[in-house]
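Student: So here's start38.pdb, just PDB, C-alpha atoms, pLDDT in the B column:
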MODEL        1
ATOM      1  CA  MET B   1     -29.877   0.583 -27.689  1.00 47.00           C
ATOM      2  CA  ASN B   2     -31.244  -2.155 -25.485  1.00 58.00           C
ATOM      3  CA  VAL B   3     -28.792  -2.657 -22.626  1.00 67.00           C
ATOM      4  CA  ASN B   4     -28.268  -6.309 -21.845  1.00 79.00           C
ATOM      5  CA  LYS B   5     -27.366  -7.449 -18.357  1.00 84.00           C
ATOM      6  CA  ASP B   6     -23.697  -8.035 -19.247  1.00 87.00           C
ATOM      7  CA  VAL B   7     -23.217  -4.450 -20.421  1.00 88.00           C
ATOM      8  CA  PHE B   8     -24.945  -3.187 -17.274  1.00 91.00           C
ATOM      9  CA  GLU B   9     -22.784  -5.416 -15.051  1.00 92.00           C
ATOM     10  CA  ASN B  10     -19.582  -4.257 -16.787  1.00 91.00           C
ATOM     11  CA  LYS B  11     -20.509  -0.610 -16.332  1.00 92.00           C
ATOM     12  CA  TRP B  12     -21.962  -0.982 -12.818  1.00 93.00           C
ATOM     13  CA  GLU B  13     -19.298   1.094 -11.033  1.00 93.00           C
ATOM     14  CA  GLN B  14     -19.782   3.967 -13.505  1.00 92.00           C
ATOM     15  CA  ILE B  15     -23.570   3.677 -13.246  1.00 92.00           C
ATOM     16  CA  ARG B  16     -23.384   3.627  -9.454  1.00 94.00           C
ATOM     17  CA  ALA B  17     -21.174   6.725  -9.441  1.00 92.00           C
ATOM     18  CA  GLN B  18     -23.712   8.661 -11.500  1.00 92.00           C
ATOM     19  CA  SER B  19     -26.959   7.271 -10.084  1.00 92.00           C
ATOM     20  CA  LYS B  20     -27.615   9.881  -7.396  1.00 90.00           C
ATOM     21  CA  ALA B  21     -27.025  12.663  -9.918  1.00 90.00           C
ATOM     22  CA  TRP B  22     -29.420  11.032 -12.367  1.00 91.00           C
ATOM     23  CA  TRP B  23     -32.110  10.101  -9.868  1.00 91.00           C
ATOM     24  CA  SER B  24     -32.154  12.054  -6.614  1.00 93.00           C
ATOM     25  CA  LEU B  25     -34.507   9.590  -4.914  1.00 94.00           C
ATOM     26  CA  PHE B  26     -31.884   6.824  -4.981  1.00 94.00           C
ATOM     27  CA  SER B  27     -30.173   6.371  -1.630  1.00 93.00           C
ATOM     28  CA  GLU B  28     -26.909   4.624  -0.866  1.00 94.00           C
ATOM     29  CA  ASP B  29     -28.958   1.762   0.608  1.00 95.00           C
ATOM     30  CA  ASP B  30     -30.846   1.425  -2.679  1.00 95.00           C
ATOM     31  CA  LEU B  31     -27.581   1.206  -4.591  1.00 95.00           C
ATOM     32  CA  ASN B  32     -26.249  -1.372  -2.130  1.00 95.00           C
ATOM     33  CA  LYS B  33     -29.341  -3.501  -2.743  1.00 95.00           C
ATOM     34  CA  VAL B  34     -28.740  -3.298  -6.477  1.00 95.00           C
ATOM     35  CA  ALA B  35     -25.062  -4.183  -6.001  1.00 95.00           C
ATOM     36  CA  LYS B  36     -26.027  -7.353  -4.104  1.00 95.00           C
ATOM     37  CA  ALA B  37     -28.684  -8.442  -6.608  1.00 94.00           C
ATOM     38  CA  PRO B  38     -27.939 -11.413  -8.885  1.00 94.00           C
ATOM     39  CA  VAL B  39     -29.135  -9.390 -11.922  1.00 93.00           C
ATOM     40  CA  LYS B  40     -28.290  -5.756 -11.232  1.00 94.00           C
ATOM     41  CA  ARG B  41     -30.064  -4.357 -14.297  1.00 94.00           C
ATOM     42  CA  ASP B  42     -33.402  -5.881 -13.284  1.00 95.00           C
ATOM     43  CA  LYS B  43     -33.096  -4.678  -9.683  1.00 96.00           C
ATOM     44  CA  TYR B  44     -32.142  -1.189 -10.895  1.00 96.00           C
ATOM     45  CA  ALA B  45     -35.161  -1.111 -13.211  1.00 96.00           C
ATOM     46  CA  MET B  46     -37.348  -2.233 -10.298  1.00 96.00           C
ATOM     47  CA  MET B  47     -36.013   0.645  -8.193  1.00 96.00           C
ATOM     48  CA  LEU B  48     -36.924   3.091 -10.965  1.00 96.00           C
ATOM     49  CA  ARG B  49     -40.437   1.658 -11.125  1.00 97.00           C
ATOM     50  CA  VAL B  50     -40.881   1.881  -7.351  1.00 96.00           C
ATOM     51  CA  LYS B  51     -39.270   5.291  -6.783  1.00 95.00           C
ATOM     52  CA  TYR B  52     -40.518   7.077  -9.897  1.00 95.00           C
ATOM     53  CA  GLY B  53     -43.578   5.117 -10.997  1.00 96.00           C
ATOM     54  CA  TYR B  54     -42.029   4.199 -14.341  1.00 96.00           C
ATOM     55  CA  THR B  55     -43.443   1.373 -16.415  1.00 96.00           C
ATOM     56  CA  HIS B  56     -41.146  -1.558 -17.138  1.00 94.00           C
ATOM     57  CA  GLU B  57     -40.562  -0.248 -20.671  1.00 95.00           C
ATOM     58  CA  ARG B  58     -39.879   3.318 -19.508  1.00 95.00           C
ATOM     59  CA  ALA B  59     -37.353   2.069 -16.925  1.00 95.00           C
ATOM     60  CA  LYS B  60     -35.528   0.055 -19.612  1.00 93.00           C
ATOM     61  CA  GLU B  61     -35.512   3.083 -21.945  1.00 94.00           C
ATOM     62  CA  GLU B  62     -34.127   5.346 -19.200  1.00 93.00           C
ATOM     63  CA  ILE B  63     -31.371   2.867 -18.374  1.00 93.00           C
ATOM     64  CA  SER B  64     -30.460   2.508 -22.053  1.00 92.00           C
ATOM     65  CA  GLN B  65     -30.326   6.284 -22.504  1.00 92.00           C
ATOM     66  CA  ARG B  66     -28.121   6.753 -19.427  1.00 92.00           C
ATOM     67  CA  ILE B  67     -25.727   4.023 -20.618  1.00 90.00           C
ATOM     68  CA  THR B  68     -25.506   5.718 -24.017  1.00 88.00           C
ATOM     69  CA  ASP B  69     -24.753   9.026 -22.281  1.00 87.00           C
ATOM     70  CA  LEU B  70     -22.111   7.295 -20.123  1.00 85.00           C
ATOM     71  CA  ASP B  71     -20.387   5.971 -23.229  1.00 82.00           C
ATOM     72  CA  ALA B  72     -20.267   9.493 -24.661  1.00 81.00           C
ATOM     73  CA  SER B  73     -19.134  11.128 -21.411  1.00 77.00           C
ATOM     74  CA  PRO B  74     -17.771   8.798 -18.691  1.00 69.00           C
ATOM     75  CA  PRO B  75     -17.687  10.061 -15.074  1.00 61.00           C
ATOM     76  CA  SER B  76     -14.489  11.632 -13.800  1.00 62.00           C
ATOM     77  CA  SER B  77     -12.020   9.543 -11.828  1.00 62.00           C
ATOM     78  CA  GLU B  78     -12.727  11.770  -8.797  1.00 60.00           C
ATOM     79  CA  LEU B  79     -16.445  10.943  -8.957  1.00 52.00           C
ATOM     80  CA  MET B  80     -15.634   7.250  -9.332  1.00 50.00           C
ATOM     81  CA  GLY B  81     -13.322   7.436  -6.298  1.00 54.00           C
ATOM     82  CA  ASN B  82     -15.994   9.158  -4.206  1.00 53.00           C
ATOM     83  CA  SER B  83     -18.483   6.467  -5.149  1.00 49.00           C
ATOM     84  CA  LEU B  84     -16.091   3.702  -4.141  1.00 50.00           C
ATOM     85  CA  ASP B  85     -15.369   5.480  -0.831  1.00 56.00           C
ATOM     86  CA  ARG B  86     -19.112   5.705  -0.058  1.00 53.00           C
ATOM     87  CA  GLN B  87     -19.559   2.081  -1.031  1.00 50.00           C
ATOM     88  CA  ALA B  88     -16.724   0.942   1.261  1.00 54.00           C
ATOM     89  CA  SER B  89     -17.942   3.009   4.209  1.00 54.00           C
ATOM     90  CA  SER B  90     -21.461   1.625   3.855  1.00 52.00           C
ATOM     91  CA  LYS B  91     -20.182  -1.925   4.359  1.00 53.00           C
ATOM     92  CA  VAL B  92     -19.481  -1.331   8.039  1.00 48.00           C
ATOM     93  CA  PRO B  93     -21.661  -3.798   9.930  1.00 50.00           C
ATOM     94  CA  LYS B  94     -24.464  -2.287  11.936  1.00 52.00           C
ATOM     95  CA  ALA B  95     -24.911  -3.236  15.552  1.00 53.00           C
ATOM     96  CA  ARG B  96     -27.943  -5.414  16.143  1.00 55.00           C
ATOM     97  CA  LYS B  97     -30.329  -4.719  18.909  1.00 58.00           C
ATOM     98  CA  THR B  98     -30.744  -7.630  21.252  1.00 60.00           C
ATOM     99  CA  ARG B  99     -34.120  -8.509  22.573  1.00 63.00           C
ATOM    100  CA  THR B 100     -34.559  -9.113  26.227  1.00 64.00           C
ATOM    101  CA  LYS B 101     -37.039 -11.668  27.329  1.00 65.00           C
ATOM    102  CA  LYS B 102     -39.705 -10.357  29.659  1.00 64.00           C
ATOM    103  CA  SER B 103     -40.049 -12.424  32.752  1.00 62.00           C
ATOM    104  CA  ASN B 104     -43.475 -13.394  33.934  1.00 67.00           C
ATOM    105  CA  LEU B 105     -43.574 -12.237  37.542  1.00 61.00           C
TER
ENDMDL
END
As structure tokens, what does this structure read like?
Tutor:
Amino acid sequence: MNVNKDVFENKWEQIRAQSKAWWSLFSEDDLNKVAKAPVKRDKYAMMLRVKYGYTHERAKEEISQRITDLDASPPSSELMGNSLDRQASSKVPKARKTRTKKSNL
């Protein structure tokens, strides 16, 4: 099954909830980057290539297999809730450091 971007987008919350279990190298920041991407499936595949050294084809195959597994066994509502809680807490704005200008004395 070749997962098109619409299927991936529709299942994004389920995929996000399972991602850290599937791939331990994915961080919450990585998943936030994917969530903000215009085409989530492509960004997710890129993350797999970067983090795991997968080829483009292997990344697509892995994503397709995980989607198939999700269809057979969707994540529990508790896992989905935990994922949404983590996602909401990660949206807290971070304080920016201000630069001070050095004076030439």
Student: Using all atoms listed in the file, can you tell me which of B:Lys5, B:Lys60, B:Lys51, B:Lys11 comes closest to Val39 of chain B?
Tutor: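 Of B:Lys5, B:Lys60, B:Lys51, B:Lys11, the one nearest Val39 of chain B is B:Lys5, counting all atoms listed in the file.
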Student: Given the choices B:Asp42, B:Met47, B:Ser73, B:Gln18, which gets closest to Asp30 of chain B if the distance is worked out from all atoms listed in the file?
Tutor: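 Looking at the shortest contact to Asp30 of chain B, the residue is B:Met47.
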Student: Grab the atom CA of Asp69 of chain B to atom CA of Leu31 of chain B distance for me, in Å with one decimal place.
Tutor: 19.5 Å
Student: When you count only C-alpha atoms, which of these residues is closest to Ile67 of chain B: B:Ile15, B:Asn4, B:Tyr52, B:Lys33?
Tutor: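 Comparing B:Ile15, B:Asn4, B:Tyr52, B:Lys33 against Ile67 of chain B, the winner is B:Ile15.
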Student: To verify the selection step, state as a PDB file with C-alpha atoms, keeping the file's coordinate frame which residues the PyMOL selection byres ((chain B and resi 71) around 12) yields on this input.
Tutor:
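The resulting file, result_9.pdb, is shown below:
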ATOM      1  CA  MET B   1     -29.877   0.583 -27.689  1.00 47.00           C
ATOM      2  CA  VAL B   7     -23.217  -4.450 -20.421  1.00 88.00           C
ATOM      3  CA  PHE B   8     -24.945  -3.187 -17.274  1.00 91.00           C
ATOM      4  CA  LYS B  11     -20.509  -0.610 -16.332  1.00 92.00           C
ATOM      5  CA  GLN B  14     -19.782   3.967 -13.505  1.00 92.00           C
ATOM      6  CA  ILE B  15     -23.570   3.677 -13.246  1.00 92.00           C
ATOM      7  CA  SER B  64     -30.460   2.508 -22.053  1.00 92.00           C
ATOM      8  CA  GLN B  65     -30.326   6.284 -22.504  1.00 92.00           C
ATOM      9  CA  ARG B  66     -28.121   6.753 -19.427  1.00 92.00           C
ATOM     10  CA  ILE B  67     -25.727   4.023 -20.618  1.00 90.00           C
ATOM     11  CA  THR B  68     -25.506   5.718 -24.017  1.00 88.00           C
ATOM     12  CA  ASP B  69     -24.753   9.026 -22.281  1.00 87.00           C
ATOM     13  CA  LEU B  70     -22.111   7.295 -20.123  1.00 85.00           C
ATOM     14  CA  ALA B  72     -20.267   9.493 -24.661  1.00 81.00           C
ATOM     15  CA  SER B  73     -19.134  11.128 -21.411  1.00 77.00           C
ATOM     16  CA  PRO B  74     -17.771   8.798 -18.691  1.00 69.00           C
ATOM     17  CA  PRO B  75     -17.687  10.061 -15.074  1.00 61.00           C
TER      18      PRO B  75
END
Student: I need the residue nearest Ile63 of chain B from this list: B:Ala45, B:Ala17, B:Leu25, B:Ala37. Use only C-alpha atoms for the distance.
Tutor: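 Closest candidate: B:Ala45.
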Student: Pick out the residues sitting within 6 Å of Lys43 of chain B, and hand them over as a JSON list (two decimals) with C-alpha atoms, in the frame of the given file; count all atoms listed in the file, and ignore anything fewer than 3 positions along from it in its own chain.
Tutor:
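The new file out_9.json reads:
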[["chain", "number", "residue", "atom", "x", "y", "z"],
["B", 34, "VAL", "CA", -28.74, -3.30, -6.48],
["B", 40, "LYS", "CA", -28.29, -5.76, -11.23],
["B", 46, "MET", "CA", -37.35, -2.23, -10.30]]
Student: Please, what distance in Å, to one decimal, runs between atom CA of Glu57 of chain B and atom CA of Lys36 of chain B?
Tutor: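 Rounded to one decimal, the two atoms are 23.2 Å apart.
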Student: Would you compute the distance between atom CA of His56 of chain B and atom CA of Trp22 of chain B? Give it in Å to one decimal.
Tutor: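 It comes out at 17.9 Å.
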